[in-house]
There are 2 protein chains.
Amino acid sequence: MGRWEPNARGRLAQAALELYAEQGYERTTVVEITARAGLTERTFYRHFADKREVLFFGTEMVKDLLARTVAGVPADASAMDTVSAALEALGAEFQENAERVRLRDAVVSAHAELRERELIKLAGLAGTMADALRDRGTPEPAATLAAETGIAVFKVAFARWISEPGRPDLPGILRASIAELRNVLAERAPA
Amino acid sequence: MGRWEPNARGRLAQAALELYAEQGYERTTVVEITARAGLTERTFYRHFADKREVLFFGTEMVKDLLARTVAGVPADASAMDTVSAALEALGAEFQENAERVRLRDAVVSAHAELRERELIKLAGLAGTMADALRDRGTPEPAATLAAETGIAVFKVAFARWISEPGRPDLPGILRASIAELRNVLAERAPA
DNA sequence: AAAGTGATGACAGGTTCTGTCATCACGGTA
DNA sequence: TACCGTGATGACAGAACCTGTCATCACTTT
């Protein structure tokens, strides 16, 4: 496997995250990243589609986690409870790598270009969950609604988790947010 | 007001939409757009922050519509019913300009870069609605949850509206989607 | 008529990203 | 041992995006 220095991809990702955090995303050039990783600009673009993607190549693993969790939920669970279980599993994983997740979020949140990429990745996660729900028998539009709503709740809960460093229970915040959403939707206009 | 040829901004936006539709977004250069509009590349970037933004400069008007509608809903309406009213107002406006909306959606949907921009604009709309809800007295996290969830439903309903050219009632699809979401959330796991 | 204002043109230059071909390390095969 | 194939990397050219800067032009104000 290893011919030159091993793990070129990982070295590029590490160097990029460091430089983006140290001096900002915009003021970091791809040439700087490759210099720190001991590679050339052209090689960067062989591993990552563009300068943003280097922060998002973990998305496939997240998709797998969500799809596997949805598939593993007992068949008699409701669509939204299934989505909830998947998001809580993701929340637990974030929890375990809190430091890295928070650093990465700080970098991404600081730049509109990176937030855009984050949002389309989140939309992809919703699509993955909707597919997994349909595989379990949830019909449309319920599957897509549950998945998209779940991602919307995740965004809100994640933001709360980030904003409160002393409150570490992301899965708990997720459960509470979904419960709160049920209340918001159950509230109807007075007669 | 008008010195040179009038409405440079509008001519640029029109030329861009035409070219993006005719030959694709990626294969259209900014120089081509400005040539069709009778201007120079530098002037394009004085009117629009980048090559994508030319398709999204109507967002401010949409924000105004949502904020005004939320502010105008009777004070005793629930948060989600208020969001619903705002989205239906936006849906009605889309309905009135169906042809342009559909053409623009076809262009945006065809390119990941443009979808990214669309998603961050939608996130901005959610923020605007959350602000307007807070101004009405809705507390957090209910305001943000209602706004984000509303946008999630809008995405689903809009996609359905686009996919069914013979079903023109976007406000109706929005109402139905929110009702469906209430059902999805009310469904609980069996004891 | 002169000065001021704001939009546009012209030009240089940095950065991102792609296409293309050469080079290198290693593994297999005779 | 010698040869060849494979896949990753280096080297280089170039298009397109985007920005900074200054000059120019049309129109307004005094």
# chains A, B, ... in the order shown; residues from 1 in each chain; ligands from 1

call {"tool": "interface_residues", "arguments": {"of": "chain D", "to": "chain A", "cutoff": "9 Å", "atoms": "only C-alpha atoms (C1' of nucleotides)", "output": "CSV table (one decimal) with C-alpha atoms (C1' of nucleotides), in the first residue's frame"}}
result
chain,number,residue,atom,x,y,z
D,8,DA,C1',0.1,7.9,-7.2
D,9,DT,C1',2.6,12.1,-7.6
D,10,DG,C1',5.2,16.1,-9.9

call {"tool": "residues_around", "arguments": {"residues": "A:Glu26", "least_positions_apart": "4", "cutoff": "12 Å", "atoms": "only C-alpha atoms (C1' of nucleotides)", "output": "list in words"}}
result
Ala16, Leu19, Tyr20, Ala21, Glu22, Val30, Glu32, Lys51, Arg52, Val107, Val108, Ala110, His111, Ala112, Glu113 and Leu114 of chain A; DT15 and DT16 of chain C

call {"tool": "closest_residue", "arguments": {"among": "B:Ser78, B:Thr59, B:Gln23, B:Thr138", "to": "chain A", "atoms": "only C-alpha atoms"}}
result
B:Ser78

call {"tool": "residues_around", "arguments": {"residues": "C:DC17", "least_positions_apart": "2", "cutoff": "9 Å", "atoms": "only C-alpha atoms (C1' of nucleotides)", "output": "list of chain:residue names"}}
result
A:Tyr45, A:Ala49, A:Asp50, D:DA16

call {"tool": "calpha_fit_and_write", "arguments": {"fixed": "chain B", "moving": "chain A", "output": "compact mmCIF listing (two decimals) with C-alpha atoms, in the first residue's frame"}}
result
# COMPACT_ATOMS: atom_id res chain seq x y z
CA MET A 1 -31.25 58.47 -12.57
CA GLY A 2 -30.58 56.84 -15.90
CA ARG A 3 -27.28 57.86 -17.39
CA TRP A 4 -25.99 55.06 -19.59
CA GLU A 5 -28.48 52.44 -20.69
CA PRO A 6 -30.87 52.02 -17.79
CA ASN A 7 -31.26 49.05 -15.47
CA ALA A 8 -27.83 47.50 -15.80
CA ARG A 9 -28.57 45.19 -12.89
CA GLY A 10 -31.76 43.88 -14.46
CA ARG A 11 -30.10 43.38 -17.84
CA LEU A 12 -27.31 41.38 -16.23
CA ALA A 13 -29.77 39.19 -14.32
CA GLN A 14 -31.85 38.57 -17.43
CA ALA A 15 -28.83 37.75 -19.58
CA ALA A 16 -27.45 35.42 -16.94
CA LEU A 17 -30.69 33.48 -16.54
CA GLU A 18 -31.01 33.12 -20.30
CA LEU A 19 -27.46 31.90 -20.77
CA TYR A 20 -27.57 29.55 -17.82
CA ALA A 21 -30.76 28.03 -19.24
CA GLU A 22 -29.47 27.90 -22.82
CA GLN A 23 -26.04 26.41 -22.35
CA GLY A 24 -25.71 25.54 -18.69
CA TYR A 25 -24.31 27.37 -15.70
CA GLU A 26 -20.79 26.00 -15.77
CA ARG A 27 -20.24 26.61 -19.43
CA THR A 28 -21.33 30.22 -19.20
CA THR A 29 -18.61 32.72 -18.37
CA VAL A 30 -19.18 36.05 -16.72
CA VAL A 31 -17.69 37.71 -19.78
CA GLU A 32 -20.40 36.14 -21.93
CA ILE A 33 -23.10 37.47 -19.61
CA THR A 34 -21.71 40.99 -19.66
CA ALA A 35 -21.29 40.87 -23.43
CA ARG A 36 -24.99 40.07 -23.86
CA ALA A 37 -25.90 42.84 -21.42
CA GLY A 38 -23.57 45.32 -23.10
CA LEU A 39 -21.33 45.78 -20.09
CA THR A 40 -17.95 44.63 -18.84
CA GLU A 41 -16.90 41.87 -16.49
CA ARG A 42 -15.88 44.30 -13.77
CA THR A 43 -19.35 45.84 -13.72
CA PHE A 44 -20.95 42.44 -13.16
CA TYR A 45 -19.03 42.12 -9.91
CA ARG A 46 -20.12 45.59 -8.84
CA HIS A 47 -23.74 44.43 -8.94
CA PHE A 48 -23.41 40.83 -7.78
CA ALA A 49 -21.02 39.32 -5.29
CA ASP A 50 -20.29 36.32 -7.49
CA LYS A 51 -21.47 34.36 -10.48
CA ARG A 52 -24.16 32.57 -8.43
CA GLU A 53 -25.66 35.54 -6.67
CA VAL A 54 -27.20 36.89 -9.88
CA LEU A 55 -29.92 34.24 -9.50
CA PHE A 56 -30.71 35.11 -5.88
CA PHE A 57 -31.00 38.86 -5.57
CA GLY A 58 -34.78 38.56 -5.06
CA THR A 59 -34.19 37.04 -1.62
CA GLU A 60 -34.53 40.36 0.20
CA MET A 61 -38.03 40.83 -1.14
CA VAL A 62 -38.95 37.33 -0.04
CA LYS A 63 -37.63 38.07 3.44
CA ASP A 64 -39.76 41.19 3.59
CA LEU A 65 -42.85 39.27 2.52
CA LEU A 66 -42.32 36.61 5.18
CA ALA A 67 -41.58 39.12 7.94
CA ARG A 68 -44.57 41.31 7.06
CA THR A 69 -46.90 38.32 6.89
CA VAL A 70 -45.75 36.97 10.23
CA ALA A 71 -46.18 40.40 11.79
CA GLY A 72 -49.69 40.65 10.39
CA VAL A 73 -51.05 37.37 11.72
CA PRO A 74 -53.49 37.79 14.66
CA ALA A 75 -51.73 37.59 17.98
CA ASP A 76 -53.65 34.55 19.21
CA ALA A 77 -52.46 32.30 16.38
CA SER A 78 -50.00 29.57 17.28
CA ALA A 79 -46.37 29.77 16.15
CA MET A 80 -46.75 27.03 13.54
CA ASP A 81 -49.98 28.45 12.16
CA THR A 82 -48.20 31.78 11.83
CA VAL A 83 -45.35 30.16 9.94
CA SER A 84 -47.90 28.37 7.80
CA ALA A 85 -49.56 31.65 6.88
CA ALA A 86 -46.24 33.18 5.86
CA LEU A 87 -45.26 30.20 3.72
CA GLU A 88 -48.67 30.16 2.05
CA ALA A 89 -48.26 33.83 1.17
CA LEU A 90 -44.89 33.03 -0.40
CA GLY A 91 -46.42 30.04 -2.15
CA ALA A 92 -49.12 32.26 -3.63
CA GLU A 93 -46.51 34.64 -4.97
CA PHE A 94 -44.61 31.75 -6.55
CA GLN A 95 -47.88 30.60 -8.03
CA GLU A 96 -48.43 33.95 -9.72
CA ASN A 97 -45.00 33.80 -11.38
CA ALA A 98 -45.04 30.07 -11.96
CA GLU A 99 -43.26 30.17 -15.30
CA ARG A 100 -40.29 32.21 -14.11
CA VAL A 101 -40.09 30.28 -10.84
CA ARG A 102 -40.02 26.95 -12.67
CA LEU A 103 -37.36 28.08 -15.13
CA ARG A 104 -35.19 29.41 -12.35
CA ASP A 105 -35.65 26.21 -10.35
CA ALA A 106 -34.62 24.12 -13.33
CA VAL A 107 -31.39 26.09 -13.61
CA VAL A 108 -30.65 26.02 -9.90
CA SER A 109 -31.45 22.33 -9.49
CA ALA A 110 -29.08 21.38 -12.27
CA HIS A 111 -25.91 22.57 -10.52
CA ALA A 112 -24.60 21.74 -7.08
CA GLU A 113 -23.02 25.18 -6.64
CA LEU A 114 -26.38 26.81 -7.18
CA ARG A 115 -28.21 24.41 -4.91
CA GLU A 116 -25.74 25.27 -2.17
CA ARG A 117 -26.51 28.95 -2.55
CA GLU A 118 -30.23 28.19 -2.54
CA LEU A 119 -29.94 26.28 0.71
CA ILE A 120 -28.12 29.07 2.52
CA LYS A 121 -30.73 31.52 1.28
CA LEU A 122 -33.45 29.24 2.66
CA ALA A 123 -31.60 29.09 5.97
CA GLY A 124 -31.63 32.87 5.96
CA LEU A 125 -35.39 32.84 5.45
CA ALA A 126 -35.74 30.58 8.47
CA GLY A 127 -33.73 33.06 10.49
CA THR A 128 -35.94 35.90 9.32
CA MET A 129 -39.08 34.03 10.32
CA ALA A 130 -37.62 33.10 13.69
CA ASP A 131 -36.82 36.76 14.35
CA ALA A 132 -40.35 37.78 13.37
CA LEU A 133 -41.82 35.11 15.62
CA ARG A 134 -39.73 36.30 18.56
CA ASP A 135 -40.99 39.82 17.91
CA ARG A 136 -44.50 38.42 18.33
CA GLY A 137 -43.57 36.87 21.67
CA THR A 138 -42.81 33.28 20.70
CA PRO A 139 -40.04 32.08 23.04
CA GLU A 140 -36.98 30.02 22.12
CA PRO A 141 -36.50 27.30 21.12
CA ALA A 142 -40.07 27.24 19.80
CA ALA A 143 -39.50 30.15 17.43
CA THR A 144 -36.45 28.63 15.75
CA LEU A 145 -37.97 25.16 15.69
CA ALA A 146 -41.15 26.42 14.05
CA ALA A 147 -39.24 28.48 11.51
CA GLU A 148 -36.72 25.77 10.58
CA THR A 149 -39.43 23.14 10.40
CA GLY A 150 -41.52 25.43 8.25
CA ILE A 151 -38.66 25.80 5.78
CA ALA A 152 -38.16 22.04 5.76
CA VAL A 153 -41.82 21.57 4.90
CA PHE A 154 -41.60 24.27 2.25
CA LYS A 155 -38.76 22.41 0.56
CA VAL A 156 -40.81 19.22 0.43
CA ALA A 157 -43.98 20.95 -0.74
CA PHE A 158 -42.15 23.00 -3.36
CA ALA A 159 -40.53 19.86 -4.75
CA ARG A 160 -43.94 18.26 -5.07
CA TRP A 161 -45.32 21.35 -6.78
CA ILE A 162 -42.46 21.32 -9.26
CA SER A 163 -42.83 17.63 -9.98
CA GLU A 164 -46.55 17.88 -10.73
CA PRO A 165 -47.10 20.58 -13.37
CA GLY A 166 -50.78 19.77 -13.48
CA ARG A 167 -51.27 20.45 -9.78
CA PRO A 168 -50.92 24.19 -9.45
CA ASP A 169 -52.09 24.87 -5.90
CA LEU A 170 -48.84 25.44 -4.02
CA PRO A 171 -50.50 27.04 -0.97
CA GLY A 172 -52.79 24.03 -0.79
CA ILE A 173 -49.84 21.63 -1.01
CA LEU A 174 -48.19 23.57 1.81
CA ARG A 175 -51.27 23.31 4.04
CA ALA A 176 -51.56 19.60 3.29
CA SER A 177 -47.87 19.01 3.99
CA ILE A 178 -48.06 20.69 7.37
CA ALA A 179 -51.13 18.65 8.22
CA GLU A 180 -49.26 15.53 7.15
CA LEU A 181 -46.33 16.50 9.33
CA ARG A 182 -48.63 16.87 12.30
CA ASN A 183 -49.76 13.31 11.68
CA VAL A 184 -46.18 12.06 11.35
CA LEU A 185 -45.24 13.65 14.65
CA ALA A 186 -48.41 12.56 16.45
CA GLU A 187 -47.75 8.94 15.59
CA ARG A 188 -46.05 7.35 18.58
CA ALA A 189 -44.49 3.96 19.13
CA PRO A 190 -46.96 1.38 20.42
CA ALA A 191 -46.84 0.66 24.13

call {"tool": "closest_atom_pairs", "arguments": {"of": "chain C", "to": "chain B", "cutoff": "10 Å", "atoms": "only C-alpha atoms (C1' of nucleotides)", "output": "tab-separated table"}}
result
residue	atom	partner	partner_atom	distance
C:DA7	C1'	B:Arg3	CA	8.3
C:DT8	C1'	B:Thr43	CA	6.8
C:DG9	C1'	B:Thr40	CA	7.3
C:DA10	C1'	B:Arg42	CA	9.5

call {"tool": "write_last_selection", "arguments": {"atoms": "N, CA and C atoms (P, O5', C5', C4', C3', O3' and C1' of nucleotides)", "output": "PDB file, in the first residue's frame"}}
result
ATOM      1  P    DA C   7     -23.763  54.419  -8.052  1.00  0.00           P
ATOM      2  O5'  DA C   7     -23.608  53.853  -9.541  1.00  0.00           O
ATOM      3  C5'  DA C   7     -24.454  54.349 -10.570  1.00  0.00           C
ATOM      4  C4'  DA C   7     -23.758  54.197 -11.903  1.00  0.00           C
ATOM      5  C3'  DA C   7     -23.237  52.779 -12.197  1.00  0.00           C
ATOM      6  O3'  DA C   7     -23.664  52.369 -13.478  1.00  0.00           O
ATOM      7  C1'  DA C   7     -21.504  54.374 -12.470  1.00  0.00           C
ATOM      8  P    DT C   8     -23.422  50.859 -13.938  1.00  0.00           P
ATOM      9  O5'  DT C   8     -22.136  50.996 -14.873  1.00  0.00           O
ATOM     10  C5'  DT C   8     -22.196  51.815 -16.032  1.00  0.00           C
ATOM     11  C4'  DT C   8     -20.821  52.004 -16.598  1.00  0.00           C
ATOM     12  C3'  DT C   8     -20.073  50.715 -16.965  1.00  0.00           C
ATOM     13  O3'  DT C   8     -19.934  50.634 -18.365  1.00  0.00           O
ATOM     14  C1'  DT C   8     -18.657  52.293 -15.870  1.00  0.00           C
ATOM     15  P    DG C   9     -19.094  49.389 -18.991  1.00  0.00           P
ATOM     16  O5'  DG C   9     -17.618  49.988 -19.113  1.00  0.00           O
ATOM     17  C5'  DG C   9     -17.414  51.183 -19.851  1.00  0.00           C
ATOM     18  C4'  DG C   9     -15.925  51.416 -20.095  1.00  0.00           C
ATOM     19  C3'  DG C   9     -15.145  50.192 -20.579  1.00  0.00           C
ATOM     20  O3'  DG C   9     -14.166  50.608 -21.535  1.00  0.00           O
ATOM     21  C1'  DG C   9     -14.242  50.948 -18.516  1.00  0.00           C
ATOM     22  P    DA C  10     -13.270  49.536 -22.327  1.00  0.00           P
ATOM     23  O5'  DA C  10     -11.842  49.606 -21.619  1.00  0.00           O
ATOM     24  C5'  DA C  10     -11.341  50.848 -21.175  1.00  0.00           C
ATOM     25  C4'  DA C  10      -9.968  50.654 -20.545  1.00  0.00           C
ATOM     26  C3'  DA C  10      -9.248  49.371 -20.969  1.00  0.00           C
ATOM     27  O3'  DA C  10      -7.863  49.654 -21.137  1.00  0.00           O
ATOM     28  C1'  DA C  10      -9.535  49.375 -18.625  1.00  0.00           C
TER      29       DA C  10
END

call {"tool": "residues_around", "arguments": {"residues": "C:DA3", "least_positions_apart": "3", "cutoff": "12 Å", "atoms": "only C-alpha atoms (C1' of nucleotides)", "output": "ChimeraX atom specification"}}
result
/D:28-30

call {"tool": "write_last_selection", "arguments": {"atoms": "C-alpha atoms (C1' of nucleotides)", "output": "mmCIF file, in the first residue's frame"}}
result
data_model
loop_
_atom_site.group_PDB
_atom_site.id
_atom_site.type_symbol
_atom_site.label_atom_id
_atom_site.label_comp_id
_atom_site.auth_asym_id
_atom_site.auth_seq_id
_atom_site.Cartn_x
_atom_site.Cartn_y
_atom_site.Cartn_z
ATOM 1 C "C1'" DT D 28 -26.216 67.116 -11.249
ATOM 2 C "C1'" DT D 29 -25.378 71.017 -8.403
ATOM 3 C "C1'" DT D 30 -23.774 75.464 -7.515
#

call {"tool": "atom_distance", "arguments": {"atom1": "atom C1' of D:DA13", "atom2": "atom C1' of C:DA12"}}
result
19.7 Å

call {"tool": "atom_distance", "arguments": {"atom1": "atom C1' of C:DA1", "atom2": "atom C1' of D:DA26"}}
result
16.5 Å

call {"tool": "residues_around", "arguments": {"residues": "D:DG14", "least_positions_apart": "5", "cutoff": "12 Å", "atoms": "only C-alpha atoms (C1' of nucleotides)", "output": "PDB file with C-alpha atoms (C1' of nucleotides), in the first residue's frame"}}
result
ATOM      1  C1'  DC C  17      -9.416  24.442 -10.578  1.00  0.00           C
ATOM      2  C1'  DT C  18      -8.509  21.431 -14.855  1.00  0.00           C
ATOM      3  C1'  DG C  19      -5.988  19.042 -18.643  1.00  0.00           C
ATOM      4  C1'  DT C  20      -1.936  16.733 -19.952  1.00  0.00           C
TER       5       DT C  20
END
